[in-house]
Amino acid sequence: MNVVFAVKQYVSKMIEDSGPGMKVLLMDKETTGIVSMVYTQSEILQKEVYLFERIDSQNREIMKHLRAICFLRPMKENVDYLIQEN
């Protein structure tokens, strides 16, 4: 199995399922590295993902007008960050 291809397909499916329009991709420390290894910035921009943010970033601006796609590991700290997003 080609791991790069599998991850690319997984991320593409998340993006496609979110529908049309501008999106932000929220990631954690590990998933940020994963996405950066399989996608170039121009490739992911073509899929209408215009902003890439770490969910644990302290000085991140909240943009409620954008759809968020969360690619996170299922950890308590990530769930806590998601709760703070509301």
# chains A, B, ... in the order shown; residues from 1 in each chain; ligands from 1
>>> select_by_dssp(residues="range 43-84 of chain A", states="alpha helix (DSSP H)", output="PyMOL selection string")
chain A and resi 43-45+76-84
>>> write_last_selection(atoms="all heavy atoms", output="JSON list (two decimals), in the first residue's frame")
[["chain", "number", "residue", "atom", "x", "y", "z"],
["A", 43, "GLU", "N", -1.47, 22.62, -4.20],
["A", 43, "GLU", "CA", -2.44, 21.54, -4.40],
["A", 43, "GLU", "C", -3.65, 21.70, -3.47],
["A", 43, "GLU", "O", -4.79, 21.53, -3.89],
["A", 43, "GLU", "CB", -1.81, 20.18, -4.10],
["A", 43, "GLU", "CG", -0.92, 19.63, -5.18],
["A", 43, "GLU", "CD", -0.32, 18.31, -4.77],
["A", 43, "GLU", "OE1", 0.19, 18.19, -3.65],
["A", 43, "GLU", "OE2", -0.37, 17.38, -5.61],
["A", 44, "ILE", "N", -3.38, 22.02, -2.24],
["A", 44, "ILE", "CA", -4.48, 22.11, -1.28],
["A", 44, "ILE", "C", -5.27, 23.41, -1.48],
["A", 44, "ILE", "O", -6.47, 23.45, -1.23],
["A", 44, "ILE", "CB", -3.98, 21.91, 0.17],
["A", 44, "ILE", "CG1", -5.10, 21.34, 1.01],
["A", 44, "ILE", "CG2", -3.40, 23.14, 0.75],
["A", 44, "ILE", "CD1", -4.68, 20.55, 2.19],
["A", 45, "LEU", "N", -4.62, 24.46, -1.98],
["A", 45, "LEU", "CA", -5.33, 25.69, -2.31],
["A", 45, "LEU", "C", -6.34, 25.46, -3.43],
["A", 45, "LEU", "O", -7.40, 26.08, -3.45],
["A", 45, "LEU", "CB", -4.36, 26.80, -2.70],
["A", 45, "LEU", "CG", -3.66, 27.51, -1.56],
["A", 45, "LEU", "CD1", -2.53, 28.39, -2.09],
["A", 45, "LEU", "CD2", -4.63, 28.33, -0.74],
["A", 76, "LYS", "N", -7.47, 13.76, 24.45],
["A", 76, "LYS", "CA", -8.22, 14.63, 25.35],
["A", 76, "LYS", "C", -7.90, 16.10, 25.10],
["A", 76, "LYS", "O", -8.80, 16.94, 25.04],
["A", 76, "LYS", "CB", -7.95, 14.28, 26.81],
["A", 76, "LYS", "CG", -8.76, 15.14, 27.77],
["A", 76, "LYS", "CD", -8.42, 14.90, 29.20],
["A", 76, "LYS", "CE", -9.15, 15.75, 30.18],
["A", 76, "LYS", "NZ", -9.71, 17.00, 29.80],
["A", 77, "GLU", "N", -6.63, 16.44, 24.94],
["A", 77, "GLU", "CA", -6.27, 17.85, 24.73],
["A", 77, "GLU", "C", -6.88, 18.40, 23.44],
["A", 77, "GLU", "O", -7.31, 19.55, 23.40],
["A", 77, "GLU", "CB", -4.76, 18.04, 24.75],
["A", 77, "GLU", "CG", -4.03, 17.31, 23.65],
["A", 77, "GLU", "CD", -2.54, 17.30, 23.85],
["A", 77, "GLU", "OE1", -2.08, 17.16, 24.99],
["A", 77, "GLU", "OE2", -1.83, 17.43, 22.83],
["A", 78, "ASN", "N", -6.95, 17.59, 22.39],
["A", 78, "ASN", "CA", -7.58, 18.05, 21.15],
["A", 78, "ASN", "C", -9.08, 18.22, 21.32],
["A", 78, "ASN", "O", -9.66, 19.16, 20.76],
["A", 78, "ASN", "CB", -7.27, 17.08, 20.00],
["A", 78, "ASN", "CG", -5.84, 17.18, 19.53],
["A", 78, "ASN", "OD1", -5.17, 18.18, 19.76],
["A", 78, "ASN", "ND2", -5.36, 16.14, 18.90],
["A", 79, "VAL", "N", -9.71, 17.35, 22.08],
["A", 79, "VAL", "CA", -11.14, 17.50, 22.36],
["A", 79, "VAL", "C", -11.37, 18.78, 23.16],
["A", 79, "VAL", "O", -12.30, 19.54, 22.88],
["A", 79, "VAL", "CB", -11.70, 16.27, 23.12],
["A", 79, "VAL", "CG1", -13.12, 16.51, 23.59],
["A", 79, "VAL", "CG2", -11.63, 15.04, 22.22],
["A", 80, "ASP", "N", -10.50, 19.07, 24.11],
["A", 80, "ASP", "CA", -10.60, 20.32, 24.89],
["A", 80, "ASP", "C", -10.47, 21.54, 23.98],
["A", 80, "ASP", "O", -11.21, 22.52, 24.13],
["A", 80, "ASP", "CB", -9.55, 20.36, 25.98],
["A", 80, "ASP", "CG", -9.80, 19.34, 27.09],
["A", 80, "ASP", "OD1", -10.95, 18.86, 27.21],
["A", 80, "ASP", "OD2", -8.84, 19.02, 27.82],
["A", 81, "TYR", "N", -9.55, 21.50, 23.04],
["A", 81, "TYR", "CA", -9.40, 22.61, 22.08],
["A", 81, "TYR", "C", -10.65, 22.77, 21.23],
["A", 81, "TYR", "O", -11.08, 23.90, 20.95],
["A", 81, "TYR", "CB", -8.18, 22.42, 21.19],
["A", 81, "TYR", "CG", -6.86, 22.62, 21.87],
["A", 81, "TYR", "CD1", -5.86, 21.67, 21.79],
["A", 81, "TYR", "CD2", -6.59, 23.78, 22.58],
["A", 81, "TYR", "CE1", -4.64, 21.86, 22.41],
["A", 81, "TYR", "CE2", -5.37, 23.98, 23.20],
["A", 81, "TYR", "CZ", -4.40, 23.01, 23.11],
["A", 81, "TYR", "OH", -3.19, 23.21, 23.73],
["A", 82, "LEU", "N", -11.24, 21.65, 20.82],
["A", 82, "LEU", "CA", -12.47, 21.71, 20.02],
["A", 82, "LEU", "C", -13.61, 22.33, 20.82],
["A", 82, "LEU", "O", -14.39, 23.12, 20.29],
["A", 82, "LEU", "CB", -12.89, 20.32, 19.54],
["A", 82, "LEU", "CG", -12.20, 19.81, 18.29],
["A", 82, "LEU", "CD1", -12.61, 18.37, 18.04],
["A", 82, "LEU", "CD2", -12.51, 20.67, 17.10],
["A", 83, "ILE", "N", -13.71, 22.00, 22.08],
["A", 83, "ILE", "CA", -14.75, 22.57, 22.94],
["A", 83, "ILE", "C", -14.57, 24.08, 23.03],
["A", 83, "ILE", "O", -15.55, 24.83, 23.00],
["A", 83, "ILE", "CB", -14.73, 21.91, 24.34],
["A", 83, "ILE", "CG1", -15.20, 20.47, 24.23],
["A", 83, "ILE", "CG2", -15.57, 22.69, 25.33],
["A", 83, "ILE", "CD1", -14.95, 19.63, 25.47],
["A", 84, "GLN", "N", -13.34, 24.55, 23.09],
["A", 84, "GLN", "CA", -13.07, 25.99, 23.17],
["A", 84, "GLN", "C", -13.43, 26.72, 21.88],
["A", 84, "GLN", "O", -13.62, 27.94, 21.89],
["A", 84, "GLN", "CB", -11.60, 26.23, 23.49],
["A", 84, "GLN", "CG", -11.20, 25.80, 24.87],
["A", 84, "GLN", "CD", -9.71, 25.90, 25.09],
["A", 84, "GLN", "OE1", -8.98, 26.51, 24.30],
["A", 84, "GLN", "NE2", -9.23, 25.30, 26.17]]
>>> closest_residue(among="A:Met75, A:Ile69, A:Leu51, A:Met27", to="Ile15 in chain A", atoms="only C-alpha atoms")
A:Ile69
>>> select_by_dssp(residues="chain A", states="strand (DSSP E or B)", output="PyMOL selection string")
chain A and resi 23-27+49-54+67-71
>>> write_last_selection(atoms="C-alpha atoms", output="PDB file, in the first residue's frame")
ATOM      1  CA  LYS A  23     -12.305  26.433   4.259  1.00  0.00           C
ATOM      2  CA  VAL A  24      -9.806  26.378   7.092  1.00  0.00           C
ATOM      3  CA  LEU A  25      -7.946  23.192   7.967  1.00  0.00           C
ATOM      4  CA  LEU A  26      -7.371  22.836  11.722  1.00  0.00           C
ATOM      5  CA  MET A  27      -4.651  20.364  12.653  1.00  0.00           C
ATOM      6  CA  VAL A  49      -8.566  25.347   1.621  1.00  0.00           C
ATOM      7  CA  TYR A  50      -7.226  28.861   2.138  1.00  0.00           C
ATOM      8  CA  LEU A  51      -6.052  28.731   5.731  1.00  0.00           C
ATOM      9  CA  PHE A  52      -4.050  26.168   7.665  1.00  0.00           C
ATOM     10  CA  GLU A  53      -3.998  26.506  11.442  1.00  0.00           C
ATOM     11  CA  ARG A  54      -2.854  24.558  14.440  1.00  0.00           C
ATOM     12  CA  ARG A  67     -15.961  26.190   7.307  1.00  0.00           C
ATOM     13  CA  ALA A  68     -13.522  24.279   9.461  1.00  0.00           C
ATOM     14  CA  ILE A  69     -12.155  20.862   8.693  1.00  0.00           C
ATOM     15  CA  CYS A  70     -10.534  19.350  11.764  1.00  0.00           C
ATOM     16  CA  PHE A  71      -7.843  16.752  11.166  1.00  0.00           C
TER      17      PHE A  71
END
>>> closest_residue(among="A:Met22, A:Val4, A:Tyr10, A:Glu16", to="His65 in chain A", atoms="only C-alpha atoms")
A:Met22
>>> closest_residue(among="A:Asn86, A:Ile62, A:Glu30, A:Val38", to="Val11 in chain A", atoms="only C-alpha atoms")
A:Val38
>>> atom_distance(atom1="CA of Phe5 in chain A", atom2="CA of Gly21 in chain A")
24.5 Å
